[in-house]
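To keep things clear, I will list the structure first and then write my remarks on it.
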Amino acid sequence: MKKDLRIAKQLNQYFQGKRKIFSVPIDLYGVSGFSKKVLQTLTHEVGFGQKISYGELASRVGQPQAVRAVGQAMRKNPIPIVIPCHRVVASDGSLGGYSAGLHRKKRLLMIEKTTV
């Protein structure tokens with residue numbers, strides 16, 4: 001199956017609540033350095049239905065003071081949902097930001113049955 005059809009099928013399954021893990025290859029071409037490390041860590045360490053704070057993610061990549069830089073890495077995410085930046089929230093548990101709008105972030109967390 002063509003790659004673009006495979007991702008479309010997997011996204012449909014995700015939105016129907018039938019898929020928790022994407023199995024398409026992730027190409028981070030054009031994303032480098034710290035941002036790439038943040039996105040890779042997020043993808044591999046924060047699973048379906050989980051949340052992590054910007055600060056905790058900064059700590060996991062070895063730069064606990066780089067909270068704002070983690071937020072910038074989320075803004076550079078070339079494939080939201082597949083790289084689940086919607087799972088990153090503020091330290092007080094509030095949603096924080098989301099480039100596609102907070103209403104969408106809230107909906108994605110609801111699909112994953114995560115407390116919003």
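Residues in the structure tokens are named by chain (A, B, ... in the order shown) and by number from 1 within that chain; ligands are numbered from 1 in the order shown.
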
Go through range 18-90 of chain A and collect every residue that DSSP, computed from the backbone, puts in strand (DSSP E or B); the answer should be as a list in words.
Ile52, Ser53, Pro80, Ile83, Val88 and Val89 of chain A

Once DSSP has gone over the backbone, tell me which residues of chain A are in alpha helix (DSSP H), as an NGL selection string.
:A and (3-15 or 33-45 or 54-60 or 67-75 or 102-111)

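Considering the residues A:Gly97, A:Ile81, A:Lys106, A:Val88 and counting only C-alpha atoms, Tyr14 in chain A has its shortest atom-to-atom contact with A:Ile81.
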
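Distance-wise, CA of Pro64 in chain A and CA of Val38 in chain A end up 11.9 Å apart.
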
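You will find CA of Ile26 in chain A at 15.3 Å from CA of Met74 in chain A.
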
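Nearest residue to Gly49 in chain A among A:Val61, A:Ala73, A:Ile21, A:Ala90 is A:Ile21, counting only C-alpha atoms.
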
Ranking A:Ser91, A:Tyr29, A:Arg75, A:Lys37 by minimum distance to Gly55 in chain A and counting only C-alpha atoms, which one comes first?
A:Ser91

Using only C-alpha atoms, which protein or nucleic acid residues come within 7 Å of Ile52 in chain A? Drop anything in the same chain fewer than 2 positions from it, and give the result as a list of chain:residue names.
A:Gln50, A:Tyr54, A:Glu56, A:Leu57, A:Arg87, A:Val88, A:Val89

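Closest approach to Ile7 in chain A among A:Val82, A:Leu42, A:Leu102, A:Ala69: A:Val82, based on only C-alpha atoms.
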
Close residues, Phe48 in chain A itself excluded, 10 Å, only C-alpha atoms, min 2 positions apart in chain, as an MDAnalysis selection string
chainID A and resid 19:21 43 45:46 50:51 84 87 109 111:114

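When CA of Val31 in chain A is paired with CA of Ala8 in chain A, their separation reads 22.7 Å.
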